[in-house]
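Coordinates as given in data-v9.cif (mmCIF, C-alpha atoms):
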```
data_entry
#
loop_
_atom_site.label_atom_id
_atom_site.label_comp_id
_atom_site.auth_asym_id
_atom_site.auth_seq_id
_atom_site.Cartn_x
_atom_site.Cartn_y
_atom_site.Cartn_z
CA MET R 1 43.06 -3.38 21.97
CA ILE R 2 41.24 -4.78 18.95
CA SER R 3 40.94 -2.22 16.18
CA GLN R 4 37.66 -1.85 14.34
CA PRO R 5 37.72 -2.42 10.56
CA LEU R 6 37.61 0.77 8.50
CA LEU R 7 35.10 -0.81 6.10
CA ARG R 8 32.38 -3.30 6.91
CA VAL R 9 29.84 -4.39 4.30
CA GLY R 10 26.57 -6.04 5.28
CA PRO R 11 24.31 -8.37 3.30
CA VAL R 12 22.84 -7.15 0.02
CA ARG R 13 19.04 -7.15 -0.06
CA ARG R 14 16.82 -6.92 -3.15
CA PHE R 15 13.65 -4.82 -3.10
CA THR R 16 11.78 -5.04 -6.42
CA ARG R 17 14.45 -3.94 -8.92
CA ASN R 18 16.66 -2.16 -6.38
CA LEU R 19 19.55 -3.42 -4.27
CA LEU R 20 20.26 -2.20 -0.72
CA CYS R 21 23.47 -2.76 1.19
CA PRO R 22 24.46 -1.52 4.69
CA VAL R 23 28.02 -0.25 4.97
CA ASP R 24 30.09 0.98 7.90
CA LEU R 25 32.83 3.30 6.64
CA PHE R 26 35.27 5.06 8.99
CA GLY R 27 32.72 4.84 11.79
CA HIS R 28 29.81 6.14 9.68
CA SER R 29 26.69 3.99 9.20
CA LEU R 30 25.60 4.21 5.59
CA LEU R 31 23.02 2.57 3.36
CA LEU R 32 23.87 2.13 -0.31
CA LYS R 33 20.97 1.91 -2.75
CA TYR R 34 21.57 0.80 -6.32
CA THR R 35 18.83 1.35 -8.87
CA ARG R 36 18.96 0.45 -12.55
CA ASN R 37 16.26 2.89 -13.64
CA PRO R 38 17.74 6.38 -14.20
CA ALA R 39 14.32 8.05 -14.21
CA GLU R 40 13.45 6.51 -10.84
CA ALA R 41 16.85 7.58 -9.47
CA ARG R 42 16.19 11.17 -10.54
CA GLU R 43 12.70 11.06 -9.01
CA GLU R 44 14.15 9.68 -5.77
CA ILE R 45 16.74 12.45 -5.53
CA ARG R 46 14.14 15.14 -6.19
CA GLY R 47 11.61 13.47 -3.88
CA HIS R 48 14.11 13.30 -1.03
CA ALA R 49 14.85 17.02 -1.39
CA ARG R 50 11.13 17.88 -1.35
CA LEU R 51 10.41 15.73 1.67
CA ALA R 52 13.40 16.88 3.70
CA ARG R 53 11.85 20.32 4.15
CA HIS R 54 8.83 18.90 6.00
CA TYR R 55 9.57 15.37 7.28
CA ARG R 56 12.37 13.57 9.08
CA VAL R 57 14.39 11.72 6.46
CA PRO R 58 17.91 10.23 6.58
CA ALA R 59 20.54 12.41 4.91
CA LEU R 60 21.39 11.71 1.28
CA HIS R 61 25.17 12.09 1.29
CA VAL R 62 25.98 11.45 -2.35
CA HIS R 63 24.49 10.09 -5.54
CA LEU R 64 26.57 8.79 -8.42
CA ARG R 65 25.95 7.48 -11.90
CA VAL R 66 27.59 4.05 -12.06
CA PRO R 67 27.66 1.34 -14.74
CA GLY R 68 24.12 0.12 -15.32
CA GLY R 69 22.39 2.56 -13.01
CA HIS R 70 22.70 4.96 -10.08
CA LEU R 71 24.16 4.59 -6.58
CA LEU R 72 22.68 6.63 -3.73
CA THR R 73 24.38 6.80 -0.35
CA TYR R 74 22.14 7.51 2.64
CA GLU R 75 22.63 7.90 6.35
CA ARG R 76 21.69 4.50 7.83
CA LEU R 77 19.14 4.74 10.61
CA PRO R 78 19.34 2.43 13.65
CA GLY R 79 17.83 -0.99 13.07
CA GLY R 80 18.48 -4.69 12.88
CA THR R 81 16.68 -7.99 12.79
CA ASN R 82 13.01 -7.29 13.57
CA GLN R 83 13.90 -3.70 14.50
CA GLY R 84 13.72 -0.27 12.93
CA LEU R 85 10.40 -0.19 11.05
CA LEU R 86 6.72 0.36 11.72
CA LEU R 87 6.43 -3.24 10.51
CA ASP R 88 8.19 -4.41 13.68
CA LEU R 89 5.69 -2.61 15.90
CA LEU R 90 2.92 -4.47 14.05
CA ASN R 91 4.60 -7.88 14.34
CA THR R 92 3.54 -8.38 17.96
CA ASN R 93 0.75 -10.25 19.68
CA GLY R 94 -0.90 -7.09 20.93
CA PRO R 95 -0.62 -3.31 20.46
CA THR R 96 2.13 -1.87 22.62
CA SER R 97 2.56 1.60 24.09
CA HIS R 98 5.33 2.06 21.50
CA LEU R 99 2.83 1.49 18.69
CA HIS R 100 0.29 3.91 20.17
CA THR R 101 2.98 6.58 20.64
CA TYR R 102 4.28 6.00 17.13
CA MET R 103 0.83 6.33 15.53
CA ASP R 104 0.23 9.55 17.49
CA GLN R 105 3.50 10.97 16.12
CA LEU R 106 2.86 9.73 12.59
CA THR R 107 -0.67 11.07 12.29
CA ALA R 108 0.23 14.40 13.90
CA ALA R 109 3.12 14.92 11.47
CA TYR R 110 1.00 13.97 8.48
CA GLN R 111 -1.92 16.13 9.53
CA GLU R 112 0.27 19.20 9.91
CA VAL R 113 2.04 18.82 6.57
CA ILE R 114 -1.02 17.73 4.59
CA LEU R 115 -3.18 20.60 5.83
CA THR R 116 -0.33 23.06 5.25
CA THR R 117 0.44 21.96 1.69
CA ALA R 118 -2.97 20.75 0.42
CA TRP R 119 -4.45 22.28 -2.71
CA PRO R 120 -6.62 21.16 -5.65
CA ALA R 121 -4.03 20.27 -8.29
CA ASP R 122 -4.15 19.47 -11.98
CA PRO R 123 -3.66 15.69 -12.26
CA ALA R 124 -0.74 16.37 -14.62
CA HIS R 125 1.14 17.96 -11.71
CA VAL R 126 0.78 15.20 -9.12
CA VAL R 127 2.92 12.08 -8.72
CA ARG R 128 1.44 9.67 -11.26
CA LYS R 129 3.37 6.44 -10.76
CA LEU R 130 1.02 4.54 -8.41
CA TYR R 131 -2.32 5.47 -9.99
CA TRP R 132 -2.46 7.49 -13.22
CA ASP R 133 0.43 5.73 -14.98
CA ARG R 134 -0.96 2.30 -14.10
CA ALA R 135 -4.37 3.21 -15.54
CA ALA R 136 -2.98 4.82 -18.72
CA PRO R 137 -2.81 2.94 -22.05
CA GLY R 138 0.10 0.53 -21.88
CA GLY R 139 0.22 0.80 -18.09
CA ARG R 140 -0.04 -1.95 -15.55
CA LEU R 141 -3.78 -2.52 -15.94
CA ASP R 142 -3.26 -3.17 -19.65
CA THR R 143 -0.19 -5.32 -19.00
CA TYR R 144 -2.06 -7.45 -16.50
CA TYR R 145 -5.54 -7.68 -17.96
CA ALA R 146 -5.97 -6.32 -21.51
CA GLY R 147 -7.32 -9.05 -23.80
CA LYS R 148 -6.91 -11.70 -21.08
CA ASP R 149 -9.33 -13.84 -19.14
CA PHE R 150 -8.92 -16.17 -16.15
CA LEU R 151 -11.04 -18.22 -13.81
CA ILE R 152 -12.56 -16.59 -10.76
CA ALA R 153 -10.94 -19.28 -8.61
CA ASP R 154 -9.55 -22.47 -10.12
CA GLY R 155 -11.11 -25.50 -8.47
CA LEU R 156 -13.52 -23.38 -6.43
CA ILE R 157 -15.45 -21.15 -8.83
CA ASP R 158 -14.57 -22.37 -12.34
CA VAL R 159 -16.17 -19.45 -14.15
CA PRO R 160 -14.19 -16.95 -16.25
CA VAL R 161 -13.94 -13.55 -14.61
CA SER R 162 -15.30 -12.03 -17.84
CA ARG R 163 -18.63 -13.73 -17.09
CA LEU R 164 -18.87 -12.63 -13.48
CA ASN R 165 -21.38 -9.95 -14.46
CA THR R 166 -23.88 -12.69 -15.46
CA TYR R 167 -24.04 -13.93 -11.85
CA ALA R 168 -25.42 -12.46 -8.67
CA LEU R 169 -22.87 -12.33 -5.88
CA ASN R 170 -23.66 -13.26 -2.30
CA ILE R 171 -20.73 -12.34 -0.06
CA ASN R 172 -21.06 -13.17 3.61
CA GLY R 173 -24.83 -13.18 3.21
CA LEU R 174 -25.11 -9.80 1.46
CA PRO R 175 -25.93 -9.13 -2.21
CA TYR R 176 -23.29 -7.67 -4.54
CA HIS R 177 -22.60 -7.41 -8.24
CA LEU R 178 -19.28 -7.07 -10.09
CA ASP R 179 -18.83 -6.47 -13.78
CA TRP R 180 -15.13 -7.14 -14.41
CA ALA R 181 -14.81 -5.37 -17.77
CA ALA R 182 -16.90 -2.40 -16.63
CA THR R 183 -14.80 -2.03 -13.48
CA LEU R 184 -11.58 -1.89 -15.49
CA ARG R 185 -13.10 0.69 -17.82
CA TRP R 186 -14.31 2.76 -14.87
CA VAL R 187 -10.89 2.79 -13.19
CA ARG R 188 -9.17 3.75 -16.43
CA ALA R 189 -11.72 6.48 -17.10
CA HIS R 190 -11.43 7.91 -13.59
CA PHE R 191 -7.68 8.41 -13.94
CA ALA R 192 -8.04 9.81 -17.46
CA THR R 193 -10.09 12.84 -16.40
CA ALA R 194 -8.57 16.30 -16.06
CA GLU R 195 -10.56 17.24 -12.97
CA PRO R 196 -8.41 18.69 -10.16
CA VAL R 197 -7.47 16.39 -7.30
CA TRP R 198 -6.70 17.39 -3.74
CA ALA R 199 -2.97 16.83 -3.35
CA ALA R 200 -0.38 17.44 -0.62
CA LEU R 201 3.31 16.86 -0.04
CA THR R 202 3.80 13.25 1.09
CA GLN R 203 6.11 10.30 0.55
CA GLY R 204 3.39 8.70 -1.57
CA ASP R 205 3.94 5.03 -0.72
CA PRO R 206 3.38 4.91 3.06
CA THR R 207 3.90 1.20 3.70
CA ASP R 208 5.02 -0.24 7.02
CA VAL R 209 8.44 -0.98 5.46
CA ASN R 210 8.83 2.63 4.26
CA LEU R 211 8.16 4.10 7.70
CA ALA R 212 11.07 3.84 10.11
CA HIS R 213 10.94 3.53 13.88
CA PRO R 214 11.90 5.94 15.44
CA LEU R 215 9.69 7.90 13.06
CA ALA R 216 11.28 8.71 9.72
CA TRP R 217 10.32 8.31 6.07
CA LEU R 218 12.15 6.06 3.62
CA ASP R 219 12.03 5.53 -0.19
CA TYR R 220 11.35 8.68 -2.19
CA ASP R 221 10.67 7.91 -5.86
CA THR R 222 6.97 8.73 -5.30
CA ALA R 223 7.61 11.68 -2.97
CA GLY R 224 6.07 14.99 -3.92
CA MET R 225 2.54 16.29 -4.43
CA ASN R 226 0.41 13.17 -4.07
CA SER R 227 -3.35 12.70 -4.17
CA ILE R 228 -4.55 12.83 -0.56
CA PRO R 229 -7.26 10.16 -1.01
CA GLY R 230 -4.64 8.05 -2.79
CA GLU R 231 -2.27 8.46 0.15
CA PHE R 232 -4.99 7.37 2.55
CA ALA R 233 -6.09 4.38 0.46
CA ASN R 234 -2.48 3.28 0.09
CA PHE R 235 -1.76 3.18 3.82
CA LEU R 236 -5.10 1.63 4.74
CA TRP R 237 -4.91 -1.14 2.13
CA TYR R 238 -1.26 -1.91 2.85
CA ALA R 239 -1.79 -2.04 6.61
CA SER R 240 -4.94 -4.15 6.33
CA ALA R 241 -4.12 -6.50 3.42
CA LEU R 242 -0.79 -6.18 1.67
CA GLY R 243 1.69 -5.83 4.52
CA GLY R 244 0.52 -8.66 6.75
CA TRP R 245 -0.77 -11.07 4.13
CA LEU R 246 -0.09 -10.63 0.41
CA VAL R 247 3.41 -9.16 0.29
CA PRO R 248 5.00 -11.68 2.70
CA THR R 249 3.19 -14.43 0.78
CA TYR R 250 4.29 -13.38 -2.71
CA ASN R 251 7.47 -11.39 -2.03
CA PRO R 252 8.99 -13.04 1.06
CA THR R 253 12.55 -11.87 0.32
CA ALA R 254 11.47 -8.33 1.22
CA PHE R 255 11.23 -9.48 4.85
CA ALA R 256 14.60 -11.20 5.18
CA ASP R 257 15.59 -8.85 8.01
CA HIS R 258 12.14 -8.97 9.62
CA PRO R 259 11.34 -12.69 9.89
CA ALA R 260 8.77 -12.11 12.66
CA THR R 261 6.47 -11.02 9.83
CA PHE R 262 5.94 -14.64 8.81
CA THR R 263 4.84 -15.66 12.30
CA HIS R 264 1.90 -13.27 12.02
CA VAL R 265 0.80 -14.03 8.44
CA PRO R 266 -1.94 -16.48 9.62
CA ALA R 267 -3.43 -13.77 11.85
CA ASN R 268 -3.73 -11.49 8.80
CA THR R 269 -4.88 -13.98 6.15
CA PRO R 270 -8.62 -14.11 5.38
CA LYS R 271 -10.17 -17.57 5.50
CA ILE R 272 -12.66 -18.86 2.94
CA ARG R 273 -15.55 -20.74 4.56
CA ARG R 274 -17.65 -21.31 1.46
CA ALA R 275 -17.20 -20.92 -2.30
CA ALA R 276 -20.00 -22.32 -4.43
CA ILE R 277 -22.29 -21.65 -7.40
CA ASP R 278 -26.04 -22.05 -7.28
CA HIS R 279 -26.82 -22.64 -10.95
CA THR R 280 -30.58 -22.51 -10.41
CA THR R 281 -30.36 -18.87 -9.37
CA SER R 282 -27.06 -18.00 -11.11
CA THR R 283 -25.60 -16.95 -7.78
CA VAL R 284 -21.97 -17.17 -6.66
CA HIS R 285 -21.73 -17.64 -2.90
CA ILE R 286 -18.55 -16.51 -1.13
CA ASP R 287 -18.32 -16.65 2.64
CA TYR R 288 -15.02 -15.60 4.16
CA THR R 289 -13.69 -14.51 7.52
CA PRO R 290 -11.61 -11.32 7.38
CA ARG R 291 -8.58 -11.43 9.63
CA LEU R 292 -6.40 -8.62 10.87
CA SER R 293 -4.08 -8.82 13.85
CA VAL R 294 -4.84 -6.65 16.86
CA PRO R 295 -1.77 -4.39 16.33
CA ARG R 296 -2.72 -3.80 12.70
CA ARG R 297 -6.31 -3.03 13.69
CA ALA R 298 -4.99 -0.54 16.24
CA ALA R 299 -2.78 1.14 13.63
CA VAL R 300 -5.61 1.37 11.08
CA THR R 301 -7.97 2.71 13.74
CA ALA R 302 -5.52 5.41 14.83
CA TYR R 303 -4.78 6.38 11.23
CA TRP R 304 -8.48 6.67 10.41
CA ASN R 305 -9.54 8.56 13.54
CA LYS R 306 -6.51 10.82 13.92
CA LEU R 307 -5.66 11.56 10.29
CA VAL R 308 -8.26 10.58 7.70
CA ARG R 309 -11.31 11.90 9.52
CA PRO R 310 -9.81 15.23 10.69
CA VAL R 311 -8.33 15.98 7.25
CA ALA R 312 -11.60 15.01 5.52
CA ASP R 313 -13.58 17.23 7.88
CA ARG R 314 -11.33 20.17 6.95
CA LEU R 315 -10.98 19.61 3.20
CA TRP R 316 -14.19 17.82 2.20
CA PRO R 317 -16.88 18.61 4.81
CA GLY R 318 -20.04 16.68 4.07
CA GLU R 319 -18.54 14.63 1.21
CA ASP R 320 -18.75 10.85 1.14
CA LEU R 321 -15.30 9.44 1.92
CA ALA R 322 -16.27 6.14 0.32
CA ASN R 323 -16.57 7.82 -3.08
CA LEU R 324 -13.27 9.65 -2.64
CA LEU R 325 -11.35 6.50 -1.68
CA ARG R 326 -13.02 4.01 -4.04
CA PRO R 327 -11.01 4.54 -7.27
CA TYR R 328 -7.70 4.50 -5.41
CA LEU R 329 -8.63 1.39 -3.45
CA ALA R 330 -9.75 -0.36 -6.64
CA MET R 331 -6.39 0.43 -8.23
CA ARG R 332 -4.50 -0.92 -5.21
CA ILE R 333 -6.46 -4.17 -5.45
CA LEU R 334 -6.00 -4.48 -9.22
CA GLY R 335 -2.66 -2.85 -9.87
CA VAL R 336 -0.21 -4.24 -7.32
CA TYR R 337 -0.42 -7.94 -8.14
CA ASN R 338 -1.85 -9.49 -11.28
CA LEU R 339 -4.85 -11.32 -9.84
CA ALA R 340 -4.45 -14.08 -12.43
CA ASP R 341 -1.04 -14.97 -10.95
CA LEU R 342 -2.30 -15.45 -7.40
CA ALA R 343 -3.42 -18.65 -5.73
CA SER R 344 -7.10 -19.26 -6.41
CA GLU R 345 -8.14 -18.68 -2.77
CA ASP R 346 -6.32 -15.33 -2.63
CA ARG R 347 -7.76 -14.30 -6.00
CA LEU R 348 -11.27 -15.14 -4.82
CA ILE R 349 -10.85 -13.05 -1.67
CA LEU R 350 -9.56 -10.07 -3.66
CA LEU R 351 -12.42 -10.27 -6.14
CA ALA R 352 -14.82 -10.33 -3.21
CA ARG R 353 -13.06 -7.33 -1.68
CA LEU R 354 -13.21 -5.53 -5.03
CA ALA R 355 -16.95 -6.19 -5.25
CA GLU R 356 -17.39 -4.80 -1.73
CA ALA R 357 -15.35 -1.70 -2.57
CA MET R 358 -17.31 -1.04 -5.77
CA SER R 359 -20.67 -1.43 -4.03
CA PRO R 360 -22.80 1.65 -3.22
CA THR R 361 -22.83 0.32 0.37
CA PHE R 362 -19.01 0.48 0.68
CA ASP R 363 -18.17 1.73 4.20
CA PRO R 364 -14.44 2.33 4.79
CA THR R 365 -14.77 2.21 8.59
CA THR R 366 -15.79 -1.45 8.50
CA TYR R 367 -14.01 -2.39 5.28
CA PHE R 368 -10.50 -1.64 6.55
CA CYS R 369 -11.18 -2.62 10.16
CA PRO R 370 -12.90 -6.04 10.26
CA LEU R 371 -14.64 -5.71 13.57
CA GLU R 372 -18.23 -6.30 14.58
CA SER R 373 -18.72 -2.53 14.70
CA PRO R 374 -16.89 0.42 13.10
CA CYS R 375 -13.37 1.07 14.30
CA PRO R 376 -13.57 2.47 17.84
CA ALA R 377 -11.48 5.32 19.07
CA PRO R 378 -8.34 3.96 20.73
#
```
Please express the file's structure as structure tokens.
Amino acid sequence: MISQPLLRVGPVRRFTRNLLCPVDLFGHSLLLKYTRNPAEAREEIRGHARLARHYRVPALHVHLRVPGGHLLTYERLPGGTNQGLLLDLLNTNGPTSHLHTYMDQLTAAYQEVILTTAWPADPAHVVRKLYWDRAAPGGRLDTYYAGKDFLIADGLIDVPVSRLNTYALNINGLPYHLDWAATLRWVRAHFATAEPVWAALTQGDPTDVNLAHPLAWLDYDTAGMNSIPGEFANFLWYASALGGWLVPTYNPTAFADHPATFTHVPANTPKIRRAAIDHTTSTVHIDYTPRLSVPRRAAVTAYWNKLVRPVADRLWPGEDLANLLRPYLAMRILGVYNLADLASEDRLILLARLAEAMSPTFDPTTYFCPLESPCPAP
């Protein structure tokens, strides 16, 4: 008989500033998470405790202060290469019954908890990391953009973004306008108000790498009372833009254990057909083809129809969802990646998407689901 080793250590993976390492110890499957930021470690511990009362989360066995940071030891959920996450259900050529079942479970769980815990909260009492802190003085918007200028798209539209307001925009044949400086001021001002926001208990960063399959929630430093429109905008933007296109393009190491992601990047990457300036009319023309794989469209459709719409009908009957989602969507476009650091084609697409989101004609049902008609019921 061959005895099994008492300790087996898997490969260390880096996610932003954190390190993750799978460990098998005396027959127990564990996941070690090392974080250098003590404040984030404390938020994660508190967030896990809050979430555990309402959602399925892996057990947090122990947390220790270690040299240079904190070490958290979690129960390790089943998984492997291209297995164990919502991401893996999206990295297929077509939506499977597993994806449909998963989205039914996900939206049902969210709807129950959100409607049970929702209340209009003082912005000072909601999780601030993803929105309010980024808009505050010295936050990410200032770090990325304050006092800086860059070209709309080097080699394509060689006009500084600060001058975009002096041009008419024609995007896929429709008229738009985008004032860069005014947009930044508007986003900052929105998240500086003291008006109550509808908040509920959620994980806060519902990406397809933070949602396990079978259904469970991972990563808790933004867990707590989160803005409900912010929660919705986060999932919708990640599922339709970040997860299948931008994150694997600019942070490929995050997908080391899920290499199938890269096979599907072309199916999720918008394609520019035209980028030109008509100087006689001071018009910037941008024609692009939005792309989203069929599984991602199915996930977005289910999320919209089975979670966003029912919750909105209960909490905000008659209100315009576009206006509720707009500031959060704008922050996700502006505050995840510094647009100036992106390839010119990607920057141009995101500026076009920002212009569409800021427009009075912004329609979330077509914006997040690039179909010829609004997202159909599955």
Please write as a ChimeraX atom specification the list of polymer residues whose atoms come within 12 Å of (-4.5, -15.3, -3.6), counting all atoms listed in the file and keeping to the coordinates of the file.
/R:152-154,241-242,245-250,269-272,333,337-353
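In this structure, CA of Asp88 in chain R sits 13.2 Å away from CA of Val265 in chain R.
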Shell around range 177-183 of chain R at 9 Å using all atoms listed in the file, local window under 4 positions removed, as a count of residues only:
20
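The residue set within 9 Å of Gly173 in chain R, counting all atoms listed in the file and dropping same-chain residues fewer than 5 places from it, reads His285, Ile286 and Asp287 of chain R.
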Could you give me, as an mmCIF file with C-alpha atoms, in the frame of the given file, the residues within 12 Å of range 123-131 of chain R, counting all atoms listed in the file and dropping anything in the same chain fewer than 6 positions from it?
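Final file, around.cif:
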```cif
data_model
loop_
_atom_site.group_PDB
_atom_site.id
_atom_site.type_symbol
_atom_site.label_atom_id
_atom_site.label_comp_id
_atom_site.auth_asym_id
_atom_site.auth_seq_id
_atom_site.Cartn_x
_atom_site.Cartn_y
_atom_site.Cartn_z
ATOM 1 C CA ALA R 39 14.320 8.050 -14.210
ATOM 2 C CA GLU R 40 13.450 6.510 -10.840
ATOM 3 C CA GLU R 43 12.700 11.060 -9.010
ATOM 4 C CA GLU R 44 14.150 9.680 -5.770
ATOM 5 C CA ARG R 46 14.140 15.140 -6.190
ATOM 6 C CA GLY R 47 11.610 13.470 -3.880
ATOM 7 C CA GLY R 139 0.220 0.800 -18.090
ATOM 8 C CA ARG R 140 -0.040 -1.950 -15.550
ATOM 9 C CA LEU R 141 -3.780 -2.520 -15.940
ATOM 10 C CA VAL R 187 -10.890 2.790 -13.190
ATOM 11 C CA ARG R 188 -9.170 3.750 -16.430
ATOM 12 C CA ALA R 189 -11.720 6.480 -17.100
ATOM 13 C CA HIS R 190 -11.430 7.910 -13.590
ATOM 14 C CA PHE R 191 -7.680 8.410 -13.940
ATOM 15 C CA ALA R 192 -8.040 9.810 -17.460
ATOM 16 C CA THR R 193 -10.090 12.840 -16.400
ATOM 17 C CA ALA R 194 -8.570 16.300 -16.060
ATOM 18 C CA GLU R 195 -10.560 17.240 -12.970
ATOM 19 C CA PRO R 196 -8.410 18.690 -10.160
ATOM 20 C CA VAL R 197 -7.470 16.390 -7.300
ATOM 21 C CA TRP R 198 -6.700 17.390 -3.740
ATOM 22 C CA ALA R 199 -2.970 16.830 -3.350
ATOM 23 C CA ALA R 200 -0.380 17.440 -0.620
ATOM 24 C CA LEU R 201 3.310 16.860 -0.040
ATOM 25 C CA THR R 202 3.800 13.250 1.090
ATOM 26 C CA GLN R 203 6.110 10.300 0.550
ATOM 27 C CA GLY R 204 3.390 8.700 -1.570
ATOM 28 C CA ASP R 205 3.940 5.030 -0.720
ATOM 29 C CA PRO R 206 3.380 4.910 3.060
ATOM 30 C CA TYR R 220 11.350 8.680 -2.190
ATOM 31 C CA ASP R 221 10.670 7.910 -5.860
ATOM 32 C CA THR R 222 6.970 8.730 -5.300
ATOM 33 C CA ALA R 223 7.610 11.680 -2.970
ATOM 34 C CA GLY R 224 6.070 14.990 -3.920
ATOM 35 C CA MET R 225 2.540 16.290 -4.430
ATOM 36 C CA ASN R 226 0.410 13.170 -4.070
ATOM 37 C CA SER R 227 -3.350 12.700 -4.170
ATOM 38 C CA ILE R 228 -4.550 12.830 -0.560
ATOM 39 C CA PRO R 229 -7.260 10.160 -1.010
ATOM 40 C CA GLY R 230 -4.640 8.050 -2.790
ATOM 41 C CA GLU R 231 -2.270 8.460 0.150
ATOM 42 C CA ALA R 233 -6.090 4.380 0.460
ATOM 43 C CA ASN R 234 -2.480 3.280 0.090
ATOM 44 C CA PRO R 327 -11.010 4.540 -7.270
ATOM 45 C CA TYR R 328 -7.700 4.500 -5.410
ATOM 46 C CA LEU R 329 -8.630 1.390 -3.450
ATOM 47 C CA ALA R 330 -9.750 -0.360 -6.640
ATOM 48 C CA MET R 331 -6.390 0.430 -8.230
ATOM 49 C CA ARG R 332 -4.500 -0.920 -5.210
ATOM 50 C CA ILE R 333 -6.460 -4.170 -5.450
ATOM 51 C CA LEU R 334 -6.000 -4.480 -9.220
ATOM 52 C CA GLY R 335 -2.660 -2.850 -9.870
ATOM 53 C CA VAL R 336 -0.210 -4.240 -7.320
#
```
Could you build a table of the residues in range 65-127 of chain R lying no more than 10 Å from range 19-28 of chain R, giving for each the nearest pair of atoms and their separation in Å rounded to one decimal place, using all atoms listed in the file, ordered by chain and ascending residue number, as JSON lines?
```
{"residue": "R:Leu71", "atom": "CA", "partner": "R:Leu19", "partner_atom": "CA", "distance": 9.5}
{"residue": "R:Leu72", "atom": "CA", "partner": "R:Leu20", "partner_atom": "CA", "distance": 9.6}
{"residue": "R:Thr73", "atom": "CA", "partner": "R:Val23", "partner_atom": "CA", "distance": 9.6}
{"residue": "R:Tyr74", "atom": "CA", "partner": "R:Pro22", "partner_atom": "CA", "distance": 9.5}
{"residue": "R:Glu75", "atom": "CA", "partner": "R:His28", "partner_atom": "CA", "distance": 8.1}
{"residue": "R:Arg76", "atom": "CA", "partner": "R:Pro22", "partner_atom": "CA", "distance": 7.3}
```
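Going from CA of Pro259 in chain R over to CA of Thr81 in chain R, you cover 7.7 Å.
In this structure, CA of Asn268 in chain R sits 25.9 Å away from CA of Tyr110 in chain R.
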